[in-house]
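See below for the structure under consideration.
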Amino acid sequence: MLSNDSCPHAAVCAAHTVALAVRAGLLGLAMLIAGCGGSPDEQTASQADPVGHQAMLQLLQQIKEAVGPAHSHREQDRLNELLQQAEQLPPDSLARIEPLALAGEIYLRLGETKRSIVTLDEALKLAQSAGGNIPDAVDTSIRFNLGMAYLRLGENENCLANHTIDSCLAPIRDSGVHTITTGSTRAAELFRQVLRKQPDDMTTRWLLNLAVMTLGEYPEGVEPQWRIPIPDGADVEFPRFFDRAGDLGLDITTLAGGAIVDDFNGDQLLDIVVSDWDPVGQIRYFRNNAAGGFVDETEAANLIGILGGLNLMHADYDNDGDLDILVLRGGWLMDVGNHPNSLLQNDGRGRFVDVTFPSGLAENAFPTQTASWADYDGDGDLDLYIGNEQHPNQLFQNQNDGTFIDVASAAGVDDDGYSKAVTWGDFDGDDLPDIYVSNLKQANRLFQNQGDGTFVDVALAAGVTGPQKGFPVWFWDYNNDGALDLFATSYWQDISLTAASYLGKDHQSEHDHLYRNAGDGTFQEVSQDVGLSVVTQPMGCNFGDLNNDGFLDFYLGTGYPEFEALSPNLMYLNQNGDRFVDVSAAGGFGHLQKGHGVVFADIDQDGDQDVFHELGGWFKGDPFRNALFENPGFGNHWLAVQLVGTESNRCAIGARISLTFSENGTERRVYRWVSSGGSFGCNPLRQHIGVGKATEIATLEVHWPTSGRTQSWSNIPVDQFIRVTEDATDFETLPYPHHPFVSSHDGHHHHHHH
């Protein structure tokens, strides 16, 4: 839960404090290395200078050595202090309770779960020996944390070490039920002990239900007064999407990170790139092998040593026909998060060079995890907006020579809120991309593009300033009326709010806001009207069309850093633009682990979108495996469209596609804007558009905002992949062979991929 204005993640701030001297040393090194890379005037990023790449590798290595895995060096120092305090006191001294209890929490964060249990158990025995001489709050706090450690032990021994396709999917059943039961059994006992003293403790009540569920004893195994109804999806008609990541070697275990699915080597097949926020976490590149599997080509992609990165964004910033990658670092780390971002330039064959220093993007290193690409000035190349946390946001204008200049102040978009998500979208239909900023502590902003290089904040007039504690966000046209709507989420970090929401009780949290574009420069908040009213606490997010009906669905990765933040990730199915239905349980999407980068993509090219999900937590002791949910198919038709700009930016970000077709005698129109989707996870820039039961597309229109040109074709066959070039008179049909995912010899249990 947010405990004060200065610290958005209380446990993160307590756990990750690095000495200012160390930080100052790193910043000094960064400036020195930046100098070695040459100024933008002397050396452009398009030269892909290896000196700049090596300079970044050196700086990232220095950060890794200074702060340790998951910023654990300072944690380890604090742990040693606490253990020393306890050691210096008599064995039966009640003064040992506090240092032992705190040490037990640190052990859990560091991933030493069994040591955490031993240490917390020792603290509990001392507390019990005191009789009534210590406050109940101390006793219950120790019992709760010990229960949390045992619950994590159960996750480690079952969900990680003996992973199955049902692991950690709520409601937990079938092969997801724990076979090694010590952890959850003991956790449930401890949570019951807490509830006997604090029966209204919603967090403990929620965790008791989960612990009992992992034992296969839910709901009967939870006392009626503590039972929380967790939907099983039985009343929702929707097929199961099975996790295939283990079969494909994609279920690597990481901490929180970003994810991109797109074609990085020009073979028209979708590859996967994932990151890990940990300063020792290696970015990973998985090449699609055209045989239903993937090959880890991180080394061949020249990415060894590119470490860290809570989020990733991709675009063709240099208009050379291939997709480059932006790595965002330092988010949530406050004053110790001044890590540089990385701009990775693609050579067209899936090999990357870090060009951050020569590009001009490394002059300042501010903590961030959010950025978005668009051509705001209409000159045909992509500009970059970065949302920072304690520092003003930055708008980097592309100079079309491989370099960028920060013009945020002059443009009027240097918002000084605690920005957790930014996104571009032309909400007013004037062919000029506008910026929405989701702030954690202040009102959100909607910067309207004035067409002269400046922006005006119209959020208040447009009615889109909330929620007041925001995180992921995106523009989309959820109701296919041709105007971009806006989804802005609420991030009140408290699992007790989730429990209250499941119980239908009042809670203090704002709900997510779905803003429907009214077409007059304003929006109407319609979340309650369309069935979106539960507490979600989202981080990762994206949208796509699961059933190819032409209406966009969305997936939220839920949670926050603390271990107790275990709530099902949420998938919502769009019902004709009128309502959304929760298909999380029915579809097998309700993962309890921390949900980060989310991607919708037709990875196996069978005509429907699969879902890739990065699921690592924040702390060193809270990693998890990534998932790939395979779409079983719905029997509907589709069109995949790749746009290539000539006067507009090459990867066509901001272009609008519209299709008209007849379905069951009804004339329909579907709209898509080219983007990577939500703010935490990147869909392919090629657009996958469902058309339901239509057997032919009556018209296809592509509107290019930079040139103002609109292309149109008639009578397009469905179920094909086409390429539309901005100045071409006709489109190209591209091969789209189905590559069924390979199956392991044992599809029930997964081998562990490191």
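Letters A, B, ... mark the chains of the structure tokens in the order given; residue numbers begin at 1 per chain; ligand numbers begin at 1, in order shown.
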Q: Mind listing the alpha helix (DSSP H) residues of segment 535-680 of chain A, per DSSP on the backbone, as an MDAnalysis selection string?
A: chainID A and resid 584:587
Q. Could you write out, as a ChimeraX atom specification, all the residues of segment 223-341 of chain A that DSSP marks as strand (DSSP E)?
A. /A:242-243,253-254,259-262,271-274,284-288,294-296,311-315,324-328
Serialized selection, N, CA and C atoms, as a PDB file, in the first residue's frame:
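Final output, out34.pdb:
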```
ATOM      1  N   PHE A 242      -4.004 -22.854 -23.202  1.00  0.00           N
ATOM      2  CA  PHE A 242      -2.993 -23.560 -22.414  1.00  0.00           C
ATOM      3  C   PHE A 242      -1.626 -22.903 -22.564  1.00  0.00           C
ATOM      4  N   ASP A 243      -0.872 -22.924 -21.482  1.00  0.00           N
ATOM      5  CA  ASP A 243       0.468 -22.334 -21.460  1.00  0.00           C
ATOM      6  C   ASP A 243       1.444 -23.262 -22.174  1.00  0.00           C
ATOM      7  N   THR A 253      12.981 -18.152 -16.110  1.00  0.00           N
ATOM      8  CA  THR A 253      12.651 -17.569 -14.816  1.00  0.00           C
ATOM      9  C   THR A 253      13.354 -16.229 -14.674  1.00  0.00           C
ATOM     10  N   THR A 254      12.566 -15.192 -14.460  1.00  0.00           N
ATOM     11  CA  THR A 254      13.120 -13.842 -14.368  1.00  0.00           C
ATOM     12  C   THR A 254      12.402 -13.075 -13.265  1.00  0.00           C
ATOM     13  N   ALA A 259       8.316  -7.070 -22.460  1.00  0.00           N
ATOM     14  CA  ALA A 259       8.235  -8.086 -23.505  1.00  0.00           C
ATOM     15  C   ALA A 259       7.822  -7.438 -24.819  1.00  0.00           C
ATOM     16  N   ILE A 260       8.463  -7.888 -25.891  1.00  0.00           N
ATOM     17  CA  ILE A 260       8.111  -7.470 -27.253  1.00  0.00           C
ATOM     18  C   ILE A 260       7.992  -8.718 -28.106  1.00  0.00           C
ATOM     19  N   VAL A 261       6.977  -8.777 -28.949  1.00  0.00           N
ATOM     20  CA  VAL A 261       6.891  -9.799 -29.986  1.00  0.00           C
ATOM     21  C   VAL A 261       6.790  -9.082 -31.328  1.00  0.00           C
ATOM     22  N   ASP A 262       7.758  -9.329 -32.207  1.00  0.00           N
ATOM     23  CA  ASP A 262       7.733  -8.749 -33.548  1.00  0.00           C
ATOM     24  C   ASP A 262       8.832  -9.404 -34.378  1.00  0.00           C
ATOM     25  N   ASP A 271       9.474 -12.884 -33.537  1.00  0.00           N
ATOM     26  CA  ASP A 271      10.464 -13.217 -32.522  1.00  0.00           C
ATOM     27  C   ASP A 271      10.027 -12.620 -31.183  1.00  0.00           C
ATOM     28  N   ILE A 272      10.737 -12.983 -30.119  1.00  0.00           N
ATOM     29  CA  ILE A 272      10.359 -12.533 -28.776  1.00  0.00           C
ATOM     30  C   ILE A 272      11.582 -11.973 -28.060  1.00  0.00           C
ATOM     31  N   VAL A 273      11.427 -10.797 -27.470  1.00  0.00           N
ATOM     32  CA  VAL A 273      12.478 -10.180 -26.665  1.00  0.00           C
ATOM     33  C   VAL A 273      11.902  -9.906 -25.279  1.00  0.00           C
ATOM     34  N   VAL A 274      12.637 -10.306 -24.238  1.00  0.00           N
ATOM     35  CA  VAL A 274      12.190 -10.069 -22.864  1.00  0.00           C
ATOM     36  C   VAL A 274      13.324  -9.455 -22.065  1.00  0.00           C
ATOM     37  N   ARG A 284      16.934 -10.953 -23.208  1.00  0.00           N
ATOM     38  CA  ARG A 284      16.969 -12.207 -23.973  1.00  0.00           C
ATOM     39  C   ARG A 284      16.229 -12.033 -25.300  1.00  0.00           C
ATOM     40  N   TYR A 285      16.822 -12.629 -26.344  1.00  0.00           N
ATOM     41  CA  TYR A 285      16.262 -12.558 -27.696  1.00  0.00           C
ATOM     42  C   TYR A 285      16.019 -13.979 -28.189  1.00  0.00           C
ATOM     43  N   PHE A 286      14.762 -14.310 -28.476  1.00  0.00           N
ATOM     44  CA  PHE A 286      14.385 -15.634 -28.955  1.00  0.00           C
ATOM     45  C   PHE A 286      13.921 -15.522 -30.403  1.00  0.00           C
ATOM     46  N   ARG A 287      14.683 -16.141 -31.298  1.00  0.00           N
ATOM     47  CA  ARG A 287      14.355 -16.109 -32.726  1.00  0.00           C
ATOM     48  C   ARG A 287      13.373 -17.226 -33.059  1.00  0.00           C
ATOM     49  N   ASN A 288      12.345 -16.881 -33.804  1.00  0.00           N
ATOM     50  CA  ASN A 288      11.387 -17.853 -34.307  1.00  0.00           C
ATOM     51  C   ASN A 288      12.087 -18.721 -35.350  1.00  0.00           C
ATOM     52  N   PHE A 294      11.530 -21.859 -30.868  1.00  0.00           N
ATOM     53  CA  PHE A 294      12.367 -20.671 -30.753  1.00  0.00           C
ATOM     54  C   PHE A 294      13.786 -21.063 -30.388  1.00  0.00           C
ATOM     55  N   VAL A 295      14.722 -20.229 -30.828  1.00  0.00           N
ATOM     56  CA  VAL A 295      16.133 -20.423 -30.520  1.00  0.00           C
ATOM     57  C   VAL A 295      16.619 -19.195 -29.767  1.00  0.00           C
ATOM     58  N   ASP A 296      17.261 -19.409 -28.633  1.00  0.00           N
ATOM     59  CA  ASP A 296      17.818 -18.292 -27.873  1.00  0.00           C
ATOM     60  C   ASP A 296      19.053 -17.786 -28.608  1.00  0.00           C
ATOM     61  N   ASN A 311      11.093  -2.209 -18.603  1.00  0.00           N
ATOM     62  CA  ASN A 311      10.151  -2.187 -19.715  1.00  0.00           C
ATOM     63  C   ASN A 311      10.917  -2.028 -21.018  1.00  0.00           C
ATOM     64  N   LEU A 312      10.281  -2.433 -22.104  1.00  0.00           N
ATOM     65  CA  LEU A 312      10.844  -2.348 -23.449  1.00  0.00           C
ATOM     66  C   LEU A 312       9.824  -1.696 -24.377  1.00  0.00           C
ATOM     67  N   MET A 313      10.322  -0.930 -25.348  1.00  0.00           N
ATOM     68  CA  MET A 313       9.482  -0.393 -26.418  1.00  0.00           C
ATOM     69  C   MET A 313      10.239  -0.576 -27.728  1.00  0.00           C
ATOM     70  N   HIS A 314       9.519  -0.725 -28.832  1.00  0.00           N
ATOM     71  CA  HIS A 314      10.211  -0.909 -30.103  1.00  0.00           C
ATOM     72  C   HIS A 314       9.599  -0.039 -31.192  1.00  0.00           C
ATOM     73  N   ALA A 315      10.434   0.293 -32.173  1.00  0.00           N
ATOM     74  CA  ALA A 315      10.017   1.115 -33.311  1.00  0.00           C
ATOM     75  C   ALA A 315      11.197   1.200 -34.269  1.00  0.00           C
ATOM     76  N   ASP A 324      13.985  -1.338 -34.034  1.00  0.00           N
ATOM     77  CA  ASP A 324      14.960  -1.082 -32.985  1.00  0.00           C
ATOM     78  C   ASP A 324      14.265  -1.183 -31.624  1.00  0.00           C
ATOM     79  N   ILE A 325      15.051  -1.228 -30.557  1.00  0.00           N
ATOM     80  CA  ILE A 325      14.508  -1.482 -29.222  1.00  0.00           C
ATOM     81  C   ILE A 325      14.984  -0.419 -28.244  1.00  0.00           C
ATOM     82  N   LEU A 326      14.066   0.059 -27.427  1.00  0.00           N
ATOM     83  CA  LEU A 326      14.394   0.969 -26.335  1.00  0.00           C
ATOM     84  C   LEU A 326      14.230   0.214 -25.020  1.00  0.00           C
ATOM     85  N   VAL A 327      15.280   0.215 -24.198  1.00  0.00           N
ATOM     86  CA  VAL A 327      15.263  -0.425 -22.883  1.00  0.00           C
ATOM     87  C   VAL A 327      15.149   0.669 -21.828  1.00  0.00           C
ATOM     88  N   LEU A 328      14.158   0.548 -20.952  1.00  0.00           N
ATOM     89  CA  LEU A 328      13.884   1.578 -19.945  1.00  0.00           C
ATOM     90  C   LEU A 328      14.283   1.075 -18.562  1.00  0.00           C
TER      91      LEU A 328
END
```
Could the residues of segment 605-645 of chain A that have an atom at most 7 Å from segment 571-594 of chain A be listed as a tab-separated table, each with its closest atom pair and the distance in Å to one decimal, counting only C-alpha atoms and ordered by chain and ascending residue number?
```
residue	atom	partner	partner_atom	distance
A:Leu615	CA	A:Lys594	CA	5.3
A:Gly616	CA	A:Lys594	CA	5.9
A:Gly617	CA	A:Lys594	CA	5.2
```
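Nearest to Asp431 of chain A of all the residues A:Ala374, A:Leu395, A:Val138, A:Ala95 is A:Ala374, based on only C-alpha atoms.
With only C-alpha atoms as the atoms that count, the minimum distance from Leu108 of chain A to the choices A:Ala518, A:Ala371, A:Leu153, A:Leu59 is reached by A:Leu153.
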Q. Between atom CA of Val641 of chain A and atom CA of Phe721 of chain A, what is the spacing in Å?
A. 5.9 Å
Q. Hey, what's within 12 Å of Val407 of chain A if we count only C-alpha atoms and toss same-chain stuff fewer than 2 positions away? As JSON, numbers by chain, please?
A. {"A": [376, 377, 383, 384, 385, 386, 392, 393, 394, 395, 396, 397, 398, 399, 404, 405, 409, 410, 411, 412, 413, 414, 453, 454, 455]}
(Q) as an MDAnalysis selection string, please: the residues near Asp322 of chain A (cut-off 8 Å, only C-alpha atoms, same-chain neighbours under 5 positions excluded). (A) chainID A and resid 264:266 316 346:348
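We find atom CA of Leu248 of chain A and atom CA of Ala627 of chain A to be spaced 10.2 Å apart.
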**Q.** Between atom CA of Leu60 of chain A and atom CA of Arg329 of chain A - distance in Å to one decimal
**A.** 10.8 Å
(Q) Can you tell me which residues surround Lys197 of chain A at a distance of at most 10 Å, considering only C-alpha atoms, apart from same-chain residues fewer than 6 positions away, and format the answer as a list in words? (A)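 Selected residues are Asp136, Ala137, Asp139 and Thr140 of chain A.
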Q: Go through A:Leu566, A:Cys541, A:Ile252, A:Leu215 and flag the residue nearest Leu160 of chain A, using only C-alpha atoms for the distances.
A: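 Looking only at the distances to Leu160 of chain A, the closest residue turns out to be A:Ile252.
Closest approach to Ala362 of chain A among A:Asn715, A:Glu663, A:Ala55, A:Lys505: A:Ala55, based on only C-alpha atoms.
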